[in-house]
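Enquirer: Here you go, this is final.cif (mmCIF, C-alpha atoms and all ligand atoms).
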data_query
#
loop_
_atom_site.group_PDB
_atom_site.id
_atom_site.type_symbol
_atom_site.label_atom_id
_atom_site.label_comp_id
_atom_site.auth_asym_id
_atom_site.auth_seq_id
_atom_site.Cartn_x
_atom_site.Cartn_y
_atom_site.Cartn_z
ATOM 1 C CA MET M 3 0.000 0.000 0.000
ATOM 2 C CA ASN M 4 1.449 3.390 -0.982
ATOM 3 C CA THR M 5 0.508 6.446 1.061
ATOM 4 C CA SER M 6 3.456 8.581 -0.005
ATOM 5 C CA VAL M 7 2.853 11.794 -1.911
ATOM 6 C CA GLU M 8 4.995 14.438 -3.547
ATOM 7 C CA ILE M 9 4.611 18.213 -3.499
ATOM 8 C CA CYS M 10 6.925 20.045 -5.908
ATOM 9 C CA GLY M 11 9.566 17.313 -5.743
ATOM 10 C CA VAL M 12 9.407 16.964 -1.945
ATOM 11 C CA LYS M 13 8.415 13.410 -1.051
ATOM 12 C CA MET M 14 6.267 12.857 2.043
ATOM 13 C CA LYS M 15 5.761 9.375 3.586
ATOM 14 C CA ASN M 16 2.051 10.065 3.965
ATOM 15 C CA PRO M 17 -0.314 12.901 3.022
ATOM 16 C CA VAL M 18 -0.791 14.288 6.540
ATOM 17 C CA THR M 19 0.673 17.524 7.864
ATOM 18 C CA THR M 20 -0.385 19.972 10.562
ATOM 19 C CA ALA M 21 -2.302 23.191 9.970
ATOM 20 C CA SER M 22 -0.211 26.256 10.659
ATOM 21 C CA GLY M 23 -1.132 27.995 13.870
ATOM 22 C CA THR M 24 -2.242 24.871 15.667
ATOM 23 C CA PHE M 25 1.132 23.199 15.988
ATOM 24 C CA ALA M 26 3.790 25.804 16.828
ATOM 25 C CA SER M 27 6.927 23.800 16.117
ATOM 26 C CA GLY M 28 5.723 20.412 17.299
ATOM 27 C CA ARG M 29 7.458 20.429 20.707
ATOM 28 C CA GLU M 30 4.142 20.600 22.568
ATOM 29 C CA TYR M 31 2.725 17.588 20.673
ATOM 30 C CA GLY M 32 5.992 15.684 20.660
ATOM 31 C CA GLU M 33 5.221 14.796 24.289
ATOM 32 C CA PHE M 34 2.187 12.833 23.056
ATOM 33 C CA ILE M 35 2.886 11.661 19.532
ATOM 34 C CA ASP M 36 5.849 10.460 17.536
ATOM 35 C CA LEU M 37 6.583 13.327 15.146
ATOM 36 C CA ASN M 38 8.407 10.843 12.890
ATOM 37 C CA ARG M 39 4.982 9.549 11.854
ATOM 38 C CA LEU M 40 3.924 12.804 10.185
ATOM 39 C CA GLY M 41 4.326 13.437 6.469
ATOM 40 C CA ALA M 42 5.302 16.989 7.354
ATOM 41 C CA VAL M 43 5.050 19.531 10.143
ATOM 42 C CA THR M 44 3.697 22.909 9.066
ATOM 43 C CA VAL M 45 4.766 25.412 11.694
ATOM 44 C CA LYS M 46 3.023 28.506 13.027
ATOM 45 C CA GLY M 47 3.519 31.694 10.997
ATOM 46 C CA VAL M 48 7.067 33.043 11.161
ATOM 47 C CA ALA M 49 7.600 36.804 10.825
ATOM 48 C CA SER M 50 10.691 38.939 10.324
ATOM 49 C CA LYS M 51 10.615 39.960 14.005
ATOM 50 C CA ALA M 52 8.951 38.557 17.146
ATOM 51 C CA TRP M 53 5.286 39.570 17.529
ATOM 52 C CA SER M 54 3.183 39.298 20.671
ATOM 53 C CA GLY M 55 -0.117 39.015 18.753
ATOM 54 C CA ASN M 56 -3.473 40.459 19.810
ATOM 55 C CA PRO M 57 -4.643 41.083 23.381
ATOM 56 C CA ALA M 58 -6.698 38.362 25.128
ATOM 57 C CA PRO M 59 -9.328 37.036 24.942
ATOM 58 C CA ARG M 60 -8.333 35.697 21.560
ATOM 59 C CA ILE M 61 -9.853 32.211 21.612
ATOM 60 C CA ALA M 62 -13.536 31.261 21.892
ATOM 61 C CA GLU M 63 -15.370 27.966 21.618
ATOM 62 C CA VAL M 64 -18.422 27.826 19.321
ATOM 63 C CA TYR M 65 -20.706 25.044 18.100
ATOM 64 C CA GLY M 66 -18.695 22.815 15.800
ATOM 65 C CA GLY M 67 -15.374 24.551 16.280
ATOM 66 C CA MET M 68 -13.628 27.597 17.634
ATOM 67 C CA LEU M 69 -12.750 31.195 16.879
ATOM 68 C CA ASN M 70 -9.265 32.611 17.149
ATOM 69 C CA SER M 71 -7.820 36.064 16.805
ATOM 70 C CA VAL M 72 -4.299 35.233 17.908
ATOM 71 C CA GLY M 73 -2.736 37.738 15.532
ATOM 72 C CA LEU M 74 0.219 35.643 14.410
ATOM 73 C CA GLN M 75 2.139 35.674 17.684
ATOM 74 C CA ASN M 76 5.581 34.223 16.977
ATOM 75 C CA PRO M 77 9.190 34.472 18.148
ATOM 76 C CA GLY M 78 10.568 35.747 14.805
ATOM 77 C CA VAL M 79 12.545 34.137 12.010
ATOM 78 C CA ASP M 80 15.985 34.365 13.663
ATOM 79 C CA TRP M 81 14.739 32.466 16.722
ATOM 80 C CA PHE M 82 12.976 29.986 14.457
ATOM 81 C CA ILE M 83 16.145 29.274 12.480
ATOM 82 C CA GLU M 84 18.247 28.878 15.612
ATOM 83 C CA ASN M 85 15.823 26.785 17.693
ATOM 84 C CA ASP M 86 12.955 25.203 15.769
ATOM 85 C CA ILE M 87 14.734 23.963 12.657
ATOM 86 C CA PRO M 88 17.363 21.980 14.660
ATOM 87 C CA PHE M 89 14.562 20.584 16.856
ATOM 88 C CA LEU M 90 12.421 19.446 13.917
ATOM 89 C CA ARG M 91 15.405 18.090 12.005
ATOM 90 C CA GLU M 92 15.843 15.460 14.693
ATOM 91 C CA TYR M 93 12.730 13.838 13.223
ATOM 92 C CA ASP M 94 12.129 12.066 9.944
ATOM 93 C CA THR M 95 9.473 14.484 8.737
ATOM 94 C CA LYS M 96 9.410 17.371 6.269
ATOM 95 C CA ILE M 97 9.297 20.993 7.405
ATOM 96 C CA ILE M 98 6.841 23.479 5.912
ATOM 97 C CA VAL M 99 7.382 27.068 7.098
ATOM 98 C CA ASN M 100 4.361 29.351 7.190
ATOM 99 C CA VAL M 101 5.622 32.853 6.346
ATOM 100 C CA CYS M 102 3.710 35.907 7.577
ATOM 101 C CA GLY M 103 4.155 39.674 7.488
ATOM 102 C CA HIS M 104 2.517 43.090 7.847
ATOM 103 C CA SER M 105 3.941 44.304 4.542
ATOM 104 C CA GLU M 106 5.505 42.999 1.355
ATOM 105 C CA GLU M 107 8.935 43.955 2.710
ATOM 106 C CA GLU M 108 8.388 41.873 5.837
ATOM 107 C CA TYR M 109 7.340 38.778 3.856
ATOM 108 C CA VAL M 110 10.378 39.212 1.616
ATOM 109 C CA ASP M 111 12.641 39.654 4.630
ATOM 110 C CA VAL M 112 11.531 36.296 6.120
ATOM 111 C CA VAL M 113 11.966 34.480 2.825
ATOM 112 C CA LYS M 114 15.430 36.005 2.332
ATOM 113 C CA LYS M 115 16.475 34.909 5.830
ATOM 114 C CA LEU M 116 15.219 31.391 5.108
ATOM 115 C CA ARG M 117 17.395 31.100 2.011
ATOM 116 C CA GLY M 118 19.767 28.219 2.612
ATOM 117 C CA ALA M 119 17.874 27.141 5.760
ATOM 118 C CA ASP M 120 17.273 23.422 6.156
ATOM 119 C CA VAL M 121 13.516 23.424 5.481
ATOM 120 C CA ASP M 122 11.520 21.807 2.677
ATOM 121 C CA LEU M 123 8.685 24.075 1.613
ATOM 122 C CA LEU M 124 7.451 27.606 2.304
ATOM 123 C CA GLU M 125 3.789 28.487 2.811
ATOM 124 C CA LEU M 126 2.949 32.138 2.191
ATOM 125 C CA ASN M 127 0.257 33.230 4.629
ATOM 126 C CA ILE M 128 -1.764 35.907 2.857
ATOM 127 C CA SER M 129 -4.977 34.746 4.485
ATOM 128 C CA CYS M 130 -4.821 35.415 8.241
ATOM 129 C CA PRO M 131 -7.951 37.427 9.160
ATOM 130 C CA ASN M 132 -6.548 38.622 12.497
ATOM 131 C CA VAL M 133 -4.131 41.414 11.598
ATOM 132 C CA SER M 134 -4.939 44.917 10.336
ATOM 133 C CA GLU M 135 -1.980 45.052 7.969
ATOM 134 C CA GLY M 136 -0.808 42.154 5.813
ATOM 135 C CA GLY M 137 -2.421 38.726 6.197
ATOM 136 C CA MET M 138 -5.808 38.446 4.520
ATOM 137 C CA ALA M 139 -5.573 41.998 3.139
ATOM 138 C CA PHE M 140 -3.100 40.620 0.578
ATOM 139 C CA GLY M 141 -5.029 37.470 -0.228
ATOM 140 C CA THR M 142 -8.547 38.602 -1.062
ATOM 141 C CA ASP M 143 -7.891 40.660 -4.202
ATOM 142 C CA PRO M 144 -6.522 38.737 -7.219
ATOM 143 C CA LYS M 145 -4.177 41.494 -8.447
ATOM 144 C CA THR M 146 -2.727 42.207 -4.981
ATOM 145 C CA ALA M 147 -2.291 38.472 -4.346
ATOM 146 C CA GLU M 148 -0.563 37.906 -7.691
ATOM 147 C CA ASN M 149 1.816 40.820 -7.107
ATOM 148 C CA ILE M 150 2.934 39.748 -3.647
ATOM 149 C CA VAL M 151 3.373 36.130 -4.715
ATOM 150 C CA ARG M 152 5.513 37.277 -7.661
ATOM 151 C CA GLU M 153 7.657 39.479 -5.416
ATOM 152 C CA VAL M 154 8.161 36.847 -2.699
ATOM 153 C CA LYS M 155 8.851 34.122 -5.250
ATOM 154 C CA LYS M 156 11.886 36.063 -6.540
ATOM 155 C CA TYR M 157 13.658 35.397 -3.235
ATOM 156 C CA ALA M 158 12.367 31.927 -2.352
ATOM 157 C CA ASP M 159 14.852 29.086 -2.742
ATOM 158 C CA LYS M 160 12.210 26.470 -1.812
ATOM 159 C CA PRO M 161 8.898 25.691 -3.511
ATOM 160 C CA LEU M 162 6.264 28.238 -2.549
ATOM 161 C CA ILE M 163 2.808 27.182 -1.344
ATOM 162 C CA VAL M 164 0.269 30.008 -1.049
ATOM 163 C CA LYS M 165 -2.400 29.681 1.666
ATOM 164 C CA LEU M 166 -5.828 30.897 0.574
ATOM 165 C CA SER M 167 -8.576 32.685 2.478
ATOM 166 C CA PRO M 168 -12.155 31.425 2.205
ATOM 167 C CA ASN M 169 -13.396 34.990 2.801
ATOM 168 C CA VAL M 170 -13.845 35.760 -0.888
ATOM 169 C CA THR M 171 -16.649 35.466 -3.428
ATOM 170 C CA ASP M 172 -14.713 33.302 -5.873
ATOM 171 C CA ILE M 173 -11.739 31.404 -4.454
ATOM 172 C CA THR M 174 -10.753 30.137 -7.908
ATOM 173 C CA ALA M 175 -9.997 33.713 -9.050
ATOM 174 C CA ILE M 176 -7.484 34.100 -6.207
ATOM 175 C CA ALA M 177 -6.079 30.608 -6.810
ATOM 176 C CA LYS M 178 -5.463 31.380 -10.484
ATOM 177 C CA ALA M 179 -3.902 34.752 -9.633
ATOM 178 C CA ASP M 180 -1.522 33.091 -7.152
ATOM 179 C CA VAL M 181 -0.484 30.518 -9.738
ATOM 180 C CA ASN M 182 0.058 33.305 -12.294
ATOM 181 C CA GLY M 183 2.263 35.011 -9.715
ATOM 182 C CA GLY M 184 4.384 31.874 -9.407
ATOM 183 C CA ALA M 185 2.785 29.771 -6.642
ATOM 184 C CA ASP M 186 4.088 26.203 -6.884
ATOM 185 C CA ALA M 187 1.245 24.809 -4.759
ATOM 186 C CA LEU M 188 -1.781 26.065 -2.851
ATOM 187 C CA SER M 189 -3.192 25.339 0.593
ATOM 188 C CA LEU M 190 -6.752 26.015 1.703
ATOM 189 C CA ILE M 191 -8.733 26.996 3.620
ATOM 190 C CA ASN M 192 -7.586 29.415 6.305
ATOM 191 C CA THR M 193 -10.264 30.388 8.835
ATOM 192 C CA VAL M 194 -13.685 31.843 8.088
ATOM 193 C CA ASN M 195 -14.442 35.382 9.372
ATOM 194 C CA ALA M 196 -16.716 35.018 12.375
ATOM 195 C CA MET M 197 -17.938 36.595 15.622
ATOM 196 C CA LYS M 198 -19.355 35.509 18.987
ATOM 197 C CA ILE M 199 -21.242 37.779 21.367
ATOM 198 C CA ASP M 200 -21.505 37.285 25.127
ATOM 199 C CA ILE M 201 -25.114 38.360 25.633
ATOM 200 C CA TYR M 202 -24.693 38.634 29.417
ATOM 201 C CA ARG M 203 -21.739 40.990 29.216
ATOM 202 C CA ARG M 204 -23.252 42.579 26.083
ATOM 203 C CA LYS M 205 -19.988 42.559 24.203
ATOM 204 C CA ALA M 206 -17.977 40.580 21.705
ATOM 205 C CA VAL M 207 -16.154 37.619 23.234
ATOM 206 C CA LEU M 208 -12.897 38.277 21.357
ATOM 207 C CA SER M 209 -10.996 41.441 22.229
ATOM 208 C CA ARG M 210 -10.613 42.147 18.532
ATOM 209 C CA LYS M 211 -14.362 41.514 18.172
ATOM 210 C CA THR M 212 -14.051 39.255 15.103
ATOM 211 C CA GLY M 213 -11.799 36.283 14.444
ATOM 212 C CA GLY M 214 -11.402 33.215 12.258
ATOM 213 C CA MET M 215 -13.555 30.141 12.660
ATOM 214 C CA SER M 216 -12.112 26.649 12.263
ATOM 215 C CA GLY M 217 -13.162 23.126 13.214
ATOM 216 C CA PRO M 218 -15.627 20.492 12.000
ATOM 217 C CA ALA M 219 -18.376 22.981 11.071
ATOM 218 C CA VAL M 220 -16.255 24.551 8.313
ATOM 219 C CA LYS M 221 -15.351 21.220 6.686
ATOM 220 C CA PRO M 222 -18.061 21.161 3.983
ATOM 221 C CA ILE M 223 -17.114 24.715 2.952
ATOM 222 C CA ALA M 224 -13.466 23.682 2.746
ATOM 223 C CA VAL M 225 -14.196 20.513 0.750
ATOM 224 C CA ARG M 226 -16.244 22.551 -1.746
ATOM 225 C CA MET M 227 -13.453 25.125 -2.129
ATOM 226 C CA VAL M 228 -10.733 22.479 -2.521
ATOM 227 C CA TYR M 229 -12.884 20.782 -5.169
ATOM 228 C CA GLU M 230 -13.390 24.065 -7.065
ATOM 229 C CA VAL M 231 -9.724 25.057 -6.895
ATOM 230 C CA CYS M 232 -8.456 21.605 -7.931
ATOM 231 C CA ASN M 233 -10.632 21.805 -11.009
ATOM 232 C CA GLN M 234 -9.245 25.181 -12.016
ATOM 233 C CA VAL M 235 -5.489 25.054 -11.390
ATOM 234 C CA ASN M 236 -2.785 22.598 -12.205
ATOM 235 C CA VAL M 237 -0.644 22.717 -9.051
ATOM 236 C CA PRO M 238 -0.779 20.462 -5.977
ATOM 237 C CA VAL M 239 -3.261 21.450 -3.283
ATOM 238 C CA ILE M 240 -3.043 20.907 0.480
ATOM 239 C CA GLY M 241 -6.591 20.700 1.835
ATOM 240 C CA MET M 242 -7.646 21.637 5.344
ATOM 241 C CA GLY M 243 -10.628 22.783 7.358
ATOM 242 C CA GLY M 244 -12.202 20.663 10.080
ATOM 243 C CA ILE M 245 -10.249 17.457 9.475
ATOM 244 C CA SER M 246 -10.215 15.196 12.539
ATOM 245 C CA ASN M 247 -9.946 11.670 11.170
ATOM 246 C CA GLY M 248 -9.118 9.513 8.174
ATOM 247 C CA GLU M 249 -12.585 9.750 6.638
ATOM 248 C CA ASP M 250 -12.431 13.552 6.677
ATOM 249 C CA ALA M 251 -9.016 13.375 5.029
ATOM 250 C CA ILE M 252 -10.242 10.982 2.319
ATOM 251 C CA GLU M 253 -13.017 13.465 1.460
ATOM 252 C CA PHE M 254 -10.427 16.165 0.759
ATOM 253 C CA ILE M 255 -8.275 13.763 -1.249
ATOM 254 C CA MET M 256 -11.267 12.706 -3.341
ATOM 255 C CA ALA M 257 -11.967 16.413 -3.914
ATOM 256 C CA GLY M 258 -8.457 16.664 -5.387
ATOM 257 C CA ALA M 259 -6.084 17.441 -2.504
ATOM 258 C CA THR M 260 -2.602 15.903 -2.611
ATOM 259 C CA MET M 261 -2.050 16.441 1.123
ATOM 260 C CA VAL M 262 -4.234 17.339 4.077
ATOM 261 C CA SER M 263 -3.617 19.310 7.264
ATOM 262 C CA VAL M 264 -5.027 18.553 10.678
ATOM 263 C CA GLY M 265 -5.518 21.725 12.711
ATOM 264 C CA THR M 266 -8.155 22.520 15.315
ATOM 265 C CA ALA M 267 -8.683 18.818 16.097
ATOM 266 C CA ASN M 268 -5.211 18.785 17.706
ATOM 267 C CA PHE M 269 -6.508 21.017 20.501
ATOM 268 C CA THR M 270 -9.094 18.508 21.670
ATOM 269 C CA ASP M 271 -7.156 15.402 20.715
ATOM 270 C CA PRO M 272 -3.352 15.598 20.497
ATOM 271 C CA PHE M 273 -3.407 12.221 18.717
ATOM 272 C CA ALA M 274 -5.622 13.543 15.880
ATOM 273 C CA THR M 275 -2.803 13.566 13.300
ATOM 274 C CA ILE M 276 -1.849 9.950 14.030
ATOM 275 C CA LYS M 277 -5.495 8.852 14.045
ATOM 276 C CA THR M 278 -5.918 10.554 10.661
ATOM 277 C CA ILE M 279 -2.907 8.704 9.209
ATOM 278 C CA GLU M 280 -4.159 5.396 10.597
ATOM 279 C CA GLY M 281 -7.694 6.125 9.393
ATOM 280 C CA ILE M 282 -6.477 6.753 5.845
ATOM 281 C CA GLU M 283 -4.569 3.450 5.930
ATOM 282 C CA ALA M 284 -7.600 1.590 7.308
ATOM 283 C CA TYR M 285 -9.831 3.006 4.555
ATOM 284 C CA MET M 286 -7.311 2.062 1.871
ATOM 285 C CA LYS M 287 -7.027 -1.465 3.236
ATOM 286 C CA LYS M 288 -10.780 -1.961 3.570
ATOM 287 C CA TYR M 289 -11.578 -0.659 0.078
ATOM 288 C CA ASN M 290 -8.528 -2.136 -1.701
ATOM 289 C CA VAL M 291 -6.906 1.168 -2.586
ATOM 290 C CA ASN M 292 -3.280 0.281 -3.312
ATOM 291 C CA ASP M 293 -2.059 3.792 -3.944
ATOM 292 C CA ILE M 294 -3.430 6.978 -2.379
ATOM 293 C CA ARG M 295 -3.050 8.646 -5.781
ATOM 294 C CA ASP M 296 -5.714 6.303 -7.193
ATOM 295 C CA ILE M 297 -8.450 8.101 -5.285
ATOM 296 C CA ARG M 298 -7.127 11.657 -5.643
ATOM 297 C CA GLY M 299 -9.687 13.857 -7.348
ATOM 298 C CA ILE M 300 -11.986 11.002 -8.256
ATOM 299 C CA VAL M 301 -15.102 13.021 -7.479
HETATM 300 C C1 LIG N 1 -3.438 33.847 13.922
HETATM 301 O O1 LIG N 1 -2.316 33.775 14.444
HETATM 302 O O2 LIG N 1 -4.126 34.865 14.043
HETATM 303 C C2 LIG N 1 -3.985 32.685 13.146
HETATM 304 C C3 LIG N 1 -3.172 32.303 11.988
HETATM 305 C C4 LIG N 1 -3.849 32.481 10.663
HETATM 306 O O3 LIG N 1 -5.049 32.729 10.591
HETATM 307 O O4 LIG N 1 -3.172 32.370 9.640
#
Represent the supplied structure as structure tokens.

Expert:
Amino acid sequence: MNTSVEICGVKMKNPVTTASGTFASGREYGEFIDLNRLGAVTVKGVASKAWSGNPAPRIAEVYGGMLNSVGLQNPGVDWFIENDIPFLREYDTKIIVNVCGHSEEEYVDVVKKLRGADVDLLELNISCPNVSEGGMAFGTDPKTAENIVREVKKYADKPLIVKLSPNVTDITAIAKADVNGGADALSLINTVNAMKIDIYRRKAVLSRKTGGMSGPAVKPIAVRMVYEVCNQVNVPVIGMGGISNGEDAIEFIMAGATMVSVGTANFTDPFATIKTIEGIEAYMKKYNVNDIRDIRGIV
């Protein structure tokens, strides 16, 4: 049985990675799971300098998932290079670095600093809804998205994945613009703009008022978007949004995804990535699928 997949020449032992933002560098989950089992670890957004993110409260539970407005808190690219890369390199897994910024210059700065670093793929985060400058502001207009991808791509020495926002009318227009700009692969979806109100305190639950929703309730939206994008572009797609087990993952693969990311599920079940890998294998065994590629995009 073959579960290995390839994204832009990088071979992964299975199609499961982590969704950026839910799995800082893997240290916290390494106490529970064997990181060697993962196809790849996709780390939390890395910026040119350390950011403290948004004020609390920045997490809220909702039916079928959660809201976050973390605001891309991270220790900065220099710290990441010095501490997280050596840590992750102790494991037999690939490293995908989510790159974030407030401006084009900041994105470029991170990518320049990562030149020559021992990582496998870069994921350009132009879809975070929780920052006033950068993030989603770059990823919801096709022309702006294409321009920033083109600029960042000039400095990238690793294949460039672009992470898409679902907060658009037509996600395929953004996907095509990113590919025109030079994206080697796409990942989707980031979180869905959302809000929760505490009716007893008569105010928004999140300090920033709105945030991004993730978790099982967004899965059908994500599957639909992955399906649409896979039918419109000719680059590999990493699908995510509410995946908690092998069956969820198979849905995304049948919609056309080459890889899948497990995100919010990690917070309630630190074994969710491993269960997803084992669930994919169990499905393949039960339904005589010899190669994961045989079911990719079959819908
Ligand atoms: C955040 O840090 O605000 C979440 C990350 C993201 O939405 O990309």

Enquirer: Using only C-alpha atoms and all ligand atoms, determine which residues fall within 10 Å of ligand LIG 1 (chain N), then list them as a VMD selection string.

Expert: chain M and resid 21 to 24 46 to 48 54 to 56 60 to 61 69 to 76 100 to 102 126 to 133 137 to 138 165 to 167 191 to 195 213 to 216

Enquirer: May I have the residues from that selection written out with C-alpha atoms, as a CSV table (one decimal), keeping the file's coordinate frame?

Expert:
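Dumped to again24.csv:
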chain,number,residue,atom,x,y,z
M,21,ALA,CA,-2.3,23.2,10.0
M,22,SER,CA,-0.2,26.3,10.7
M,23,GLY,CA,-1.1,28.0,13.9
M,24,THR,CA,-2.2,24.9,15.7
M,46,LYS,CA,3.0,28.5,13.0
M,47,GLY,CA,3.5,31.7,11.0
M,48,VAL,CA,7.1,33.0,11.2
M,54,SER,CA,3.2,39.3,20.7
M,55,GLY,CA,-0.1,39.0,18.8
M,56,ASN,CA,-3.5,40.5,19.8
M,60,ARG,CA,-8.3,35.7,21.6
M,61,ILE,CA,-9.9,32.2,21.6
M,69,LEU,CA,-12.8,31.2,16.9
M,70,ASN,CA,-9.3,32.6,17.1
M,71,SER,CA,-7.8,36.1,16.8
M,72,VAL,CA,-4.3,35.2,17.9
M,73,GLY,CA,-2.7,37.7,15.5
M,74,LEU,CA,0.2,35.6,14.4
M,75,GLN,CA,2.1,35.7,17.7
M,76,ASN,CA,5.6,34.2,17.0
M,100,ASN,CA,4.4,29.4,7.2
M,101,VAL,CA,5.6,32.9,6.3
M,102,CYS,CA,3.7,35.9,7.6
M,126,LEU,CA,2.9,32.1,2.2
M,127,ASN,CA,0.3,33.2,4.6
M,128,ILE,CA,-1.8,35.9,2.9
M,129,SER,CA,-5.0,34.7,4.5
M,130,CYS,CA,-4.8,35.4,8.2
M,131,PRO,CA,-8.0,37.4,9.2
M,132,ASN,CA,-6.5,38.6,12.5
M,133,VAL,CA,-4.1,41.4,11.6
M,137,GLY,CA,-2.4,38.7,6.2
M,138,MET,CA,-5.8,38.4,4.5
M,165,LYS,CA,-2.4,29.7,1.7
M,166,LEU,CA,-5.8,30.9,0.6
M,167,SER,CA,-8.6,32.7,2.5
M,191,ILE,CA,-8.7,27.0,3.6
M,192,ASN,CA,-7.6,29.4,6.3
M,193,THR,CA,-10.3,30.4,8.8
M,194,VAL,CA,-13.7,31.8,8.1
M,195,ASN,CA,-14.4,35.4,9.4
M,213,GLY,CA,-11.8,36.3,14.4
M,214,GLY,CA,-11.4,33.2,12.3
M,215,MET,CA,-13.6,30.1,12.7
M,216,SER,CA,-12.1,26.6,12.3

Enquirer: List every protein, DNA or RNA residue that has at least one atom no more than 12 Å from (-13.7, 22.9, 11.9) in the file's coordinates, counting only C-alpha atoms, and write the result as a PyMOL selection string.

Expert: chain M and resi 21+63-70+191-194+214-225+242-247+250+263-270

Enquirer: For segment 84-91 of chain M, find every residue with an atom within 9 Å (counting only C-alpha atoms), except residues of its own chain fewer than 2 positions away, and show them as a list of chain:residue names.

Expert: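 What passes the distance filter is M:Ser27, M:Gly28, M:Arg29, M:Leu37, M:Val43, M:Val79, M:Asp80, M:Trp81, M:Phe82, M:Tyr93, M:Asp94, M:Thr95, M:Lys96, M:Ile97, M:Ala119, M:Asp120, M:Val121.
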
Enquirer: Deliver the residues from the most recent selection as a file, using C-alpha atoms, as a PDB file, in the frame of the given file.

Expert:
ATOM      1  CA  SER M  27       6.927  23.800  16.117  1.00  0.00           C
ATOM      2  CA  GLY M  28       5.723  20.412  17.299  1.00  0.00           C
ATOM      3  CA  ARG M  29       7.458  20.429  20.707  1.00  0.00           C
ATOM      4  CA  LEU M  37       6.583  13.327  15.146  1.00  0.00           C
ATOM      5  CA  VAL M  43       5.050  19.531  10.143  1.00  0.00           C
ATOM      6  CA  VAL M  79      12.545  34.137  12.010  1.00  0.00           C
ATOM      7  CA  ASP M  80      15.985  34.365  13.663  1.00  0.00           C
ATOM      8  CA  TRP M  81      14.739  32.466  16.722  1.00  0.00           C
ATOM      9  CA  PHE M  82      12.976  29.986  14.457  1.00  0.00           C
ATOM     10  CA  TYR M  93      12.730  13.838  13.223  1.00  0.00           C
ATOM     11  CA  ASP M  94      12.129  12.066   9.944  1.00  0.00           C
ATOM     12  CA  THR M  95       9.473  14.484   8.737  1.00  0.00           C
ATOM     13  CA  LYS M  96       9.410  17.371   6.269  1.00  0.00           C
ATOM     14  CA  ILE M  97       9.297  20.993   7.405  1.00  0.00           C
ATOM     15  CA  ALA M 119      17.874  27.141   5.760  1.00  0.00           C
ATOM     16  CA  ASP M 120      17.273  23.422   6.156  1.00  0.00           C
ATOM     17  CA  VAL M 121      13.516  23.424   5.481  1.00  0.00           C
TER      18      VAL M 121
END

Enquirer: How many Å lie between atom CA of Ala259 of chain M and atom CA of Tyr229 of chain M, rounded to one decimal?

Expert: 8.0 Å

Enquirer: Could you check how far atom CA of Glu280 of chain M sits from atom CA of Ser6 of chain M, in Å to one decimal?

Expert: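 Going from atom CA of Glu280 of chain M over to atom CA of Ser6 of chain M covers 13.4 Å.
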
Enquirer: If the PyMOL selection byres (((chain M and resi 117) around 12) and not hetatm) is run on the structure shown, which residues does it catch, given as a PyMOL selection string?

Expert: chain M and resi 79+83+99+110-116+118-124+154-161

Enquirer: Please enumerate the residues selected by the PyMOL selection byres (((chain M and resi 59) around 8) and not hetatm) when evaluated against the supplied file, formatted as a ChimeraX atom specification.

Expert: /M:57-58,60-62,207-209

Enquirer: Emit the selected residues as a PDB file, in the coordinates of the input, including C-alpha atoms.

Expert:
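Final file, out_19.pdb:
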ATOM      1  CA  PRO M  57      -4.643  41.083  23.381  1.00  0.00           C
ATOM      2  CA  ALA M  58      -6.698  38.362  25.128  1.00  0.00           C
ATOM      3  CA  ARG M  60      -8.333  35.697  21.560  1.00  0.00           C
ATOM      4  CA  ILE M  61      -9.853  32.211  21.612  1.00  0.00           C
ATOM      5  CA  ALA M  62     -13.536  31.261  21.892  1.00  0.00           C
ATOM      6  CA  VAL M 207     -16.154  37.619  23.234  1.00  0.00           C
ATOM      7  CA  LEU M 208     -12.897  38.277  21.357  1.00  0.00           C
ATOM      8  CA  SER M 209     -10.996  41.441  22.229  1.00  0.00           C
TER       9      SER M 209
END

Enquirer: So how far away is atom CA of Asn292 of chain M from atom CA of Val239 of chain M, in Å?

Expert: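 Spanning atom CA of Val239 of chain M to atom CA of Asn292 of chain M is a straight-line distance of 21.2 Å.
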
Enquirer: So which one's closest to Ile294 of chain M, M:Val228, M:Ala257, M:Ala26, M:Met3? Using all atoms listed in the file, please.

Expert: M:Met3

Enquirer: I would like the residues chosen by the PyMOL selection byres (((chain M and resi 248) around 8) and not hetatm) on the shown file; could you give them as a PyMOL selection string?

Expert: chain M and resi 246-247+249-252+277-283+285

Enquirer: Is it possible to get the residues within 12 Å of (2.2, 34.3, -15.8) (coordinates as in the file, counting all atoms listed in the file) written as a count of residues only?

Expert: 12

Enquirer: Between M:Asp271, M:Asp172, M:Glu253, M:Glu106, which residue has the minimum interatomic distance to Thr142 of chain M, considering only C-alpha atoms?

Expert: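 Residue with the minimum atom-to-atom distance to Thr142 of chain M: M:Asp172.
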
Enquirer: Have a look at M:Ile35, M:Gly41, M:Met227, M:Asn236 and name the one nearest to Met14 of chain M; count all atoms listed in the file.

Expert: M:Gly41

Enquirer: May I have a table of the residues of segment 16-50 of chain M lying at most 10 Å from segment 272-275 of chain M, giving each one's closest pair of atoms and their distance in Å to one decimal, counting all atoms listed in the file, ordered by chain and ascending residue number, as a Markdown table?

Expert:
| residue | atom | partner | partner_atom | distance |
| --- | --- | --- | --- | --- |
| M:Val18 | CA | M:Thr275 | CA | 7.1 |
| M:Thr19 | CA | M:Thr275 | CA | 7.6 |
| M:Thr20 | CA | M:Thr275 | CA | 7.4 |
| M:Phe25 | CA | M:Pro272 | CA | 9.9 |
| M:Glu30 | CA | M:Pro272 | CA | 9.2 |
| M:Tyr31 | CA | M:Pro272 | CA | 6.4 |
| M:Gly32 | CA | M:Pro272 | CA | 9.3 |
| M:Glu33 | CA | M:Pro272 | CA | 9.4 |
| M:Phe34 | CA | M:Pro272 | CA | 6.7 |
| M:Ile35 | CA | M:Phe273 | CA | 6.4 |
| M:Asp36 | CA | M:Phe273 | CA | 9.5 |
| M:Leu37 | CA | M:Thr275 | CA | 9.6 |
| M:Arg39 | CA | M:Thr275 | CA | 8.9 |
| M:Leu40 | CA | M:Thr275 | CA | 7.5 |
| M:Gly41 | CA | M:Thr275 | CA | 9.9 |
